[in-house]
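Here's the structure we're looking at; comments come further down.
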Amino acid sequence: MDYNFREIEQKWLAYWKINGTYKTVIDKNKLKYYVLDMFPYPSGSGLHVGHPLGYIASDIFSRYKRLKGFNVLHPMGYDAYGLPAEQYAIQTGQHPSVTTKKNIARYREQLDKIGFCYDWDREIRTCEPDYYKWTQWAFIQMFNSYYCNDLKKARPISELIKAFELQGTKDLNIASTVDLQFDAEEWKSKTVKEQQEVLLNYRIAYLADLKVNWCTALGTVLANDEVSEGVSVRGGYQVEQRIMRQWSLRVSAYAQRLLDGLNTVDWTDSLKETQKNWIGRSEGAEIKFHLTPALSKGDGADQNSTFDQSRNEKNPHFYTTNKLDWGLLHDHAKAMRSEPTEAESNLWEMLRGNKTGYKFRRQHQIDKFIPDFVCLEKKLIVEVDGENHSSDEQIELDKARTNILEELGYRIIRFSNEDVKLLPQIIIEKIKVELSKTESLFNKTIVQNAVPLSFQEGQGDLIEVFTTRADTIYGVTFMVLAPESELVKQLTTSEKAAEVENYITATKKRTERERIADRKVSGVFSGSYAINPVSGTEIPIWISDYVLAGYGTGAIMAVPAHDSRDYAFAKHFNLPIIPLIEGCDISNESLDAKEGIMINSGFLNGLTVKVANEKAKKYIVENEIGNVKVNFRLRDAIFSRQRYWGEPFPVYYIDEMPYMLDESKLPLELPEIDKFLPTEKGEPPLGRAKNWQTEDGYPLEFCTMPGFAGSSAYYLRYMEPKNDKELVSREANQYWRNVDLYIGGTEHASGHLVYSRFWNKFLFDLGLICEDEPFKKLVNQGMIQGRSNFVYRVKDRNTFVSLNLKNQFETTAIHVDVNIVSNDILDIEKFKNWNPDYKEAEFILEDGKYHCGWAVEKMSKSMYNVVNPDDIVEKYGADTLRLYEMFLGPLEQSKPWDTNGIDGVHRFLKRLWSLFYKDENFLVSNETPTADELKILHKTIKKITFDIENFSYNTSVSAFMICVNELFSLKSSKRAILEPLVILLAPFAPHIAEELYHVLGNDNSVCDASFPICNEDYLIESAIKYPISFNGKVRFMIELPAEMSKEEVEKAAMENELTLKQLEGKKPKKVIVVQGKIVNIVI
RNA sequence: GCCCGGAUGGUGGAAUGGUAGACACGAAGGACUUAAAAUCCUUUGGCUUCACGGCUGUGCGGGUUCAAGUCCCGCUUCGGGUACCA
């Protein structure tokens, strides 16, 4: 009887189906094990031979765990929403649900042939209403939650509303889009609409105006991970930046937890690394740079000011302090001015607006002080003292202050609060008298040109920057704003307005792609300056597109000596470069390394970079120049898609504010529409749906959810796919908990695996599920590459020349379908029929054969190198396919598919079969196995067990081959050996294993057998073949008893005549004996 | 640029610091057969030798070690990820 794989496989596939062999139920007597595949998007082209690789690997592990006594959950489903089906619908008018159903049916048919142990009763499809009901439900929960940074978890938004009513934003530490400040009264005075708008700033699912990746060709917004190098990942269409009002998920709030969680999961280092990079945590400081007050720098500068005299330009007229102090005190002055005492307020009313005949300023900085009122023209200061000015200590301080101010040429008059309140008119008169005592300092003509600015005018604001290199603060020679920064408008001086405008328009025109491709330095000077808060130097503020608006604060402090981008910019615009590291050479490039000894850095001089950085940060915090901050690269996930084929949002609008549907209204089903295109008004396709509104007539959301929505919590739904009350019941979740083994491709490292971990953590915060991380262990299978074949056409002729003769002609290489090539030999007849053009083709052969060339390329239709698993199953059977996929090489490694090698594993199965049958005779006996046979078996058990646990399936297939080859050469067909072997093989080749298991007389399924256990006793060797090496080179072997001691081995080796021959009479310097392993003689 | 993987026969690949090339494919030779398929047996890294054997050999150059494909340092090169992330 021959190995008839077709018959066998069909028989057992039917048996498994009828007997529900793979049906899984909760069984608390057994330990659970959850094995999950990344579910596929059912594309129109069906599965190729690369797709099942991971599925086979997970299937082997599932079956192995089951044989080990675990209750294994191993489900499968479809990621059924997606762009390709909709693009196809646009082209053909076919409803995406129709094509999706068709594709799923095709996938299922292909998967079924391979003999997977999926519990198909648990199948899910993300496009089915009873599935996406829970996607919508989760979205509602996110809308109704905010993230508390103190508790580090999501909390109900109702708590936040209560807090706002009681205390406003005071003392709250909440993840938000922008930092808002308001008190309880302000909150209560807001309209409902305003309150809703404010709440969006905190909700985990929120609507906001954001800069998004807009893809015109696809007519939709895309998430960051759906865009690569400025084009869409799917389709490769151009993507541009736009501001749009979009739904987003506050993933960024979870950044730190997403990072921390990586330490608790068993993933490969490279995958964890990718996630770490994507989250992009950087520790640094946010530093405030105040702007230089924009005074006219005309003649008539005040020579008595403490302004930096070393500068060549003339000092501006109204500087009354130095820039460093101005920067430090600026905020303080502003704050004082906004909260005046009653007396100050009264007096100001009488002084303001030239009521005295002269201009007064209040809380204007002079040197290190902020006097209450000052008339600069007459250098007269008016102070109003409160109660605390009566203390001795205060009197001393006031005196010191008066002295300094008087030295600067100011006269000071003081009044008490009481005086101002009771005798306002008398005080005004006194002030007028004082004013008349001195000459005006101002040359009238200059005053007309050089108009001083008061505090609130102009750009009296500040720029905040984020830096990881606070230690380089002394090397800042300019600042750069992102062109999109809101500060640009404020900072641009009138002279520079046109230039800046031009630059920004030009930048906007450039697509992301152009920016990346053409990385030439560009930028424009804003006309404004800022003051370095540590060194006090004045630095110009530039605008350039090398600074990103979306990261940090959208502004940087540029340290050209130690940042290559800043360096390029400084060189291009001829800006100063100050080296900060001892001995660094910055004549040609910057020194970006974070090591060395600081120079040119004031109080940081002589310190190492690391120490200096810490010291600088401490200084910044202590002097209130800024604060220490952690920044993340991870952005919130944009969650709206202007497309049809996705989950509808459970959202309606009142007065343009979003509200959630009641949970009882879920699922909100995707409506039918006439065309899958945007409306004439440019609204998303759902704008075409009739009656797309609530029962009360409020309009529903037009956008749908993105592809990752449905795949973010699908692993939970498999636990209880038919529960219509909950996403998953507590009971089912407590039992199955999370995925023990997740297998899939690396392409999901930054998308799906971040989103689903976020989604999972959110549900965990709500107490709905019991595990913080969804996927305990994750294995990435490598890509299966294609192996293309080529034929060589002689130029201008319909003649093809075989590979090794092609150099004699001028030829063109043409891809040829790998399915009509075998072992690189072309099937000429099939080739002629393959394409009508080749019907009459002629061939130049070698040895009567046409040899094709080959190359490893991506597996794709256009390369004609796609191999369909159906064809392999048809020709060799599913067991051969499974074994061969595993035999190709290590699971995680990319490798080319070459059908050539498949005969080897097929032969192996036939040889295994031949241990059972010869012609019509059943060979299996009940004889007691020999020690040799037992050794072969147990060696194999040991190896296979180890290999499965380590996902080294290619070596397990080899081990099976070795085992069968050895049994074959012993002509051994004993039940005691073959039965465990069959069970051992069952995870890999379930059909043939099931057949042989039954042939051996078992009635139950091999799936429910017990995995054999290695008995080390059978592996003990009585003799060991010692390799004898000289200076590390093995010369010969000697066989010695295993129990021989080190000394005896050495003696035996030294006495051997071959050793004597090798030594040639010389005395060995040293003899190393590794017992049971090797002998090395050093001469 | 940065990060992460690789590099071993004609091919896919194997090798807890201890006999490099297991296991397969392919190729060559042979057996069986009218023939083919299937199956079985032998050989198969390179160079050299009639042979025993010898020399050489895991991308390149150093190093550690009794012993290195494996560990360390410096390169070359291929693949993947990521990007003006401050």
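Letters for chains follow the order of the structure tokens (A, B, ...), residue numbers begin at 1 for each chain, and ligand numbers begin at 1 in the order shown.
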**Q.** Selection near stretch 39-53 of chain B, 10 Å with only C-alpha atoms (C1' of nucleotides), sequence-local residues under 2 positions removed, as a PyMOL selection string
**A.** (chain A and resi 911) or (chain B and resi 9+21+27-32+37+55-57)
Written selection (N, CA and C atoms (P, O5', C5', C4', C3', O3' and C1' of nucleotides)) as a tab-separated table (two decimals), in the first residue's frame:
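Result written to again_39.tsv:
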```tsv
chain	number	residue	atom	x	y	z
A	911	ARG	N	9.14	7.49	3.24
A	911	ARG	CA	10.01	6.54	3.92
A	911	ARG	C	9.42	6.15	5.28
B	9	G	P	30.01	29.56	1.41
B	9	G	O5'	29.40	28.10	1.17
B	9	G	C5'	29.01	27.75	-0.10
B	9	G	C4'	29.94	26.68	-0.63
B	9	G	C3'	29.46	26.11	-1.96
B	9	G	O3'	30.59	25.78	-2.74
B	9	G	C1'	29.64	24.39	-0.35
B	21	G	P	31.97	18.38	9.35
B	21	G	O5'	30.87	19.12	8.48
B	21	G	C5'	29.62	19.49	9.06
B	21	G	C4'	28.85	20.29	8.05
B	21	G	C3'	28.61	19.55	6.74
B	21	G	O3'	27.38	18.86	6.86
B	21	G	C1'	29.34	21.80	6.37
B	27	A	P	19.83	17.18	-10.91
B	27	A	O5'	21.43	17.08	-10.91
B	27	A	C5'	22.21	18.08	-11.54
B	27	A	C4'	23.67	17.83	-11.28
B	27	A	C3'	24.15	16.41	-11.63
B	27	A	O3'	24.42	16.30	-13.01
B	27	A	C1'	24.93	16.98	-9.48
B	28	A	P	24.12	14.88	-13.70
B	28	A	O5'	25.36	14.01	-13.19
B	28	A	C5'	26.69	14.39	-13.53
B	28	A	C4'	27.65	13.48	-12.84
B	28	A	C3'	27.37	11.99	-12.99
B	28	A	O3'	27.79	11.48	-14.23
B	28	A	C1'	27.84	12.46	-10.73
B	29	G	P	26.93	10.34	-14.91
B	29	G	O5'	27.32	9.06	-14.03
B	29	G	C5'	28.64	8.56	-14.07
B	29	G	C4'	28.85	7.56	-12.98
B	29	G	C3'	27.93	6.35	-13.01
B	29	G	O3'	28.28	5.39	-13.98
B	29	G	C1'	28.11	7.15	-10.80
B	30	G	P	27.11	4.63	-14.69
B	30	G	O5'	26.59	3.63	-13.56
B	30	G	C5'	27.41	2.55	-13.16
B	30	G	C4'	26.91	1.96	-11.89
B	30	G	C3'	25.61	1.17	-11.94
B	30	G	O3'	25.76	-0.10	-12.54
B	30	G	C1'	25.65	2.51	-10.00
B	31	A	P	24.51	-0.78	-13.26
B	31	A	O5'	23.61	-1.22	-12.01
B	31	A	C5'	24.06	-2.23	-11.13
B	31	A	C4'	23.01	-2.50	-10.09
B	31	A	C3'	21.65	-2.89	-10.65
B	31	A	O3'	21.59	-4.26	-10.99
B	31	A	C1'	21.39	-1.26	-8.94
B	32	C	P	20.75	-4.71	-12.24
B	32	C	O5'	19.24	-4.46	-11.77
B	32	C	C5'	18.65	-5.24	-10.73
B	32	C	C4'	17.29	-4.69	-10.39
B	32	C	C3'	16.34	-4.57	-11.58
B	32	C	O3'	15.69	-5.81	-11.84
B	32	C	C1'	16.30	-2.56	-10.31
B	37	A	P	13.00	8.63	-15.08
B	37	A	O5'	11.75	8.56	-14.10
B	37	A	C5'	10.75	9.58	-14.14
B	37	A	C4'	9.53	9.15	-13.35
B	37	A	C3'	9.79	8.82	-11.88
B	37	A	O3'	9.81	9.97	-11.08
B	37	A	C1'	8.53	7.09	-12.86
B	55	C	P	48.65	19.03	7.33
B	55	C	O5'	48.34	20.16	6.25
B	55	C	C5'	49.43	20.89	5.67
B	55	C	C4'	48.95	21.67	4.46
B	55	C	C3'	47.84	22.67	4.73
B	55	C	O3'	48.33	23.87	5.29
B	55	C	C1'	47.32	21.44	2.79
B	56	U	P	47.44	24.63	6.37
B	56	U	O5'	46.23	25.14	5.47
B	56	U	C5'	46.44	26.11	4.45
B	56	U	C4'	45.20	26.26	3.60
B	56	U	C3'	43.94	26.69	4.36
B	56	U	O3'	43.92	28.09	4.60
B	56	U	C1'	43.41	24.91	2.91
B	57	G	P	43.22	28.64	5.90
B	57	G	O5'	41.68	28.46	5.54
B	57	G	C5'	41.09	29.22	4.48
B	57	G	C4'	39.74	28.67	4.14
B	57	G	C3'	38.74	28.72	5.29
B	57	G	O3'	38.13	29.99	5.37
B	57	G	C1'	38.68	26.60	4.26
```
At a cut-off of 8 Å, can you tabulate as JSON lines every residue of chain A near chain B together with its closest atom pair and the distance in Å to one decimal, using only C-alpha atoms (C1' of nucleotides) and ordering rows by chain then number?
```
{"residue": "A:Ser270", "atom": "CA", "partner": "B:C4", "partner_atom": "C1'", "distance": 5.5}
{"residue": "A:Glu273", "atom": "CA", "partner": "B:C4", "partner_atom": "C1'", "distance": 7.7}
{"residue": "A:Thr274", "atom": "CA", "partner": "B:G81", "partner_atom": "C1'", "distance": 7.1}
{"residue": "A:Asn277", "atom": "CA", "partner": "B:U82", "partner_atom": "C1'", "distance": 8.0}
{"residue": "A:Gly280", "atom": "CA", "partner": "B:C85", "partner_atom": "C1'", "distance": 7.7}
{"residue": "A:Phe466", "atom": "CA", "partner": "B:A86", "partner_atom": "C1'", "distance": 7.0}
{"residue": "A:Thr467", "atom": "CA", "partner": "B:A86", "partner_atom": "C1'", "distance": 5.7}
{"residue": "A:Thr468", "atom": "CA", "partner": "B:A86", "partner_atom": "C1'", "distance": 7.1}
{"residue": "A:Tyr546", "atom": "CA", "partner": "B:C84", "partner_atom": "C1'", "distance": 5.1}
{"residue": "A:Val547", "atom": "CA", "partner": "B:C84", "partner_atom": "C1'", "distance": 7.0}
{"residue": "A:Tyr551", "atom": "CA", "partner": "B:C85", "partner_atom": "C1'", "distance": 6.3}
{"residue": "A:Ile556", "atom": "CA", "partner": "B:A86", "partner_atom": "C1'", "distance": 6.3}
{"residue": "A:Met557", "atom": "CA", "partner": "B:A86", "partner_atom": "C1'", "distance": 8.0}
{"residue": "A:Arg565", "atom": "CA", "partner": "B:C84", "partner_atom": "C1'", "distance": 7.0}
{"residue": "A:Arg633", "atom": "CA", "partner": "B:C85", "partner_atom": "C1'", "distance": 6.2}
{"residue": "A:Asn823", "atom": "CA", "partner": "B:G26", "partner_atom": "C1'", "distance": 7.8}
{"residue": "A:Leu888", "atom": "CA", "partner": "B:G12", "partner_atom": "C1'", "distance": 6.0}
{"residue": "A:Gly889", "atom": "CA", "partner": "B:G13", "partner_atom": "C1'", "distance": 6.2}
{"residue": "A:Asn900", "atom": "CA", "partner": "B:C25", "partner_atom": "C1'", "distance": 6.5}
{"residue": "A:Gly901", "atom": "CA", "partner": "B:C25", "partner_atom": "C1'", "distance": 4.5}
{"residue": "A:Ile902", "atom": "CA", "partner": "B:C25", "partner_atom": "C1'", "distance": 7.9}
{"residue": "A:Asp903", "atom": "CA", "partner": "B:C25", "partner_atom": "C1'", "distance": 7.9}
{"residue": "A:Gly904", "atom": "CA", "partner": "B:A24", "partner_atom": "C1'", "distance": 5.8}
{"residue": "A:Val905", "atom": "CA", "partner": "B:A24", "partner_atom": "C1'", "distance": 7.7}
{"residue": "A:Thr955", "atom": "CA", "partner": "B:A14", "partner_atom": "C1'", "distance": 7.6}
{"residue": "A:Ser958", "atom": "CA", "partner": "B:C23", "partner_atom": "C1'", "distance": 4.7}
{"residue": "A:Ala959", "atom": "CA", "partner": "B:C23", "partner_atom": "C1'", "distance": 7.5}
{"residue": "A:Met961", "atom": "CA", "partner": "B:C23", "partner_atom": "C1'", "distance": 7.1}
{"residue": "A:Ile962", "atom": "CA", "partner": "B:C23", "partner_atom": "C1'", "distance": 7.2}
{"residue": "A:Pro1027", "atom": "CA", "partner": "B:U19", "partner_atom": "C1'", "distance": 6.0}
{"residue": "A:Asn1031", "atom": "CA", "partner": "B:C66", "partner_atom": "C1'", "distance": 7.1}
{"residue": "A:Gly1032", "atom": "CA", "partner": "B:A67", "partner_atom": "C1'", "distance": 5.1}
{"residue": "A:Val1034", "atom": "CA", "partner": "B:U19", "partner_atom": "C1'", "distance": 6.3}
{"residue": "A:Lys1070", "atom": "CA", "partner": "B:C66", "partner_atom": "C1'", "distance": 7.4}
{"residue": "A:Val1071", "atom": "CA", "partner": "B:C66", "partner_atom": "C1'", "distance": 7.6}
{"residue": "A:Ile1072", "atom": "CA", "partner": "B:C66", "partner_atom": "C1'", "distance": 6.4}
{"residue": "A:Val1074", "atom": "CA", "partner": "B:G18", "partner_atom": "C1'", "distance": 7.9}
{"residue": "A:Lys1077", "atom": "CA", "partner": "B:G18", "partner_atom": "C1'", "distance": 6.5}
{"residue": "A:Ile1078", "atom": "CA", "partner": "B:G18", "partner_atom": "C1'", "distance": 6.1}
{"residue": "A:Asn1080", "atom": "CA", "partner": "B:C66", "partner_atom": "C1'", "distance": 6.7}
{"residue": "A:Ile1081", "atom": "CA", "partner": "B:C66", "partner_atom": "C1'", "distance": 7.5}
{"residue": "A:Val1082", "atom": "CA", "partner": "B:C66", "partner_atom": "C1'", "distance": 6.3}
```
**Q.** Residue with smallest distance to A:Phe478 - pool A:Ile578, A:Leu210, A:Ile620, A:Ile872, counting only C-alpha atoms
**A.** A:Ile578
Q) Hey, which of A:Lys1067, A:Lys11, A:His906, A:Lys68 ends up closest to A:Lys30? Count only C-alpha atoms. A)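 Smallest separation from A:Lys30 among the options: A:Lys68.
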Q. What does the distance between atom CA of A:Leu845 and atom CA of A:Asn804 come to in Å, to one decimal place?
A. 9.3 Å
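Every protein or nucleic acid residue with an atom no more than 8 Å from A:Leu222, counting only C-alpha atoms (C1' of nucleotides) and leaving out same-chain residues fewer than 4 positions away, appears here: A:Val212, A:Asn213, A:Trp214, A:Cys215, A:Glu226, A:Val227, A:Ser232, A:Ile638, A:Arg641.
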Please return as a short mmCIF file (atom, residue, chain, number, x, y, z; two decimals) with C-alpha atoms, in the first residue's frame: the residues of stretch 493-668 of chain A that backbone DSSP assigns to strand (DSSP E or B).
```cif
data_model
loop_
_atom_site.label_atom_id
_atom_site.label_comp_id
_atom_site.auth_asym_id
_atom_site.auth_seq_id
_atom_site.Cartn_x
_atom_site.Cartn_y
_atom_site.Cartn_z
CA VAL A 524 14.65 83.08 6.89
CA PHE A 525 15.45 85.55 9.67
CA SER A 526 12.40 86.76 11.57
CA GLY A 527 13.93 90.07 12.54
CA SER A 528 13.55 89.35 16.25
CA TYR A 529 16.04 88.45 18.93
CA ALA A 530 15.81 86.48 22.13
CA ILE A 531 17.95 86.49 25.21
CA GLU A 538 21.19 88.20 22.46
CA ILE A 539 20.54 85.70 19.67
CA PRO A 540 18.64 85.98 16.40
CA ILE A 541 15.48 83.97 15.78
CA TRP A 542 15.20 82.21 12.44
CA ILE A 543 12.48 80.24 10.75
CA ALA A 555 11.11 75.73 18.37
CA ILE A 556 14.72 74.91 19.08
CA MET A 557 17.78 76.50 20.53
CA ALA A 558 20.45 75.93 17.93
CA ILE A 581 33.94 70.59 24.04
CA ILE A 597 34.91 68.23 28.80
CA MET A 598 33.02 71.51 28.62
CA THR A 608 32.02 66.23 31.61
CA GLY A 626 12.50 76.38 32.68
CA ASN A 627 11.82 72.90 33.88
CA VAL A 628 12.97 69.35 33.42
CA LYS A 629 10.76 67.51 30.99
CA VAL A 630 10.27 64.21 29.28
CA ASN A 631 9.16 64.31 25.67
CA PHE A 632 7.74 61.53 23.56
CA ALA A 637 -3.52 58.26 16.78
CA ILE A 638 -5.67 59.99 14.21
CA ARG A 641 -11.00 58.08 7.83
CA PRO A 648 -19.16 53.94 11.59
CA VAL A 651 -21.39 59.77 17.15
CA TYR A 652 -23.95 62.45 16.40
CA TYR A 653 -23.69 66.20 16.52
CA ILE A 654 -25.70 68.92 18.27
CA MET A 657 -20.46 69.31 19.27
CA PRO A 658 -20.11 65.53 19.25
CA TYR A 659 -22.21 63.26 21.45
CA MET A 660 -22.18 59.50 21.81
#
```
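Look at A:Asn1004: the protein and nucleic acid residues within 12 Å of it, using only C-alpha atoms (C1' of nucleotides) and passing over chain neighbours fewer than 4 places away, are A:Tyr15, A:Trp16, A:Asn19, A:Thr21, A:Glu994, A:Glu995, A:Tyr997, A:His998, A:Val999, A:Leu1000, A:Asp1008, A:Ala1009, A:Ser1010.
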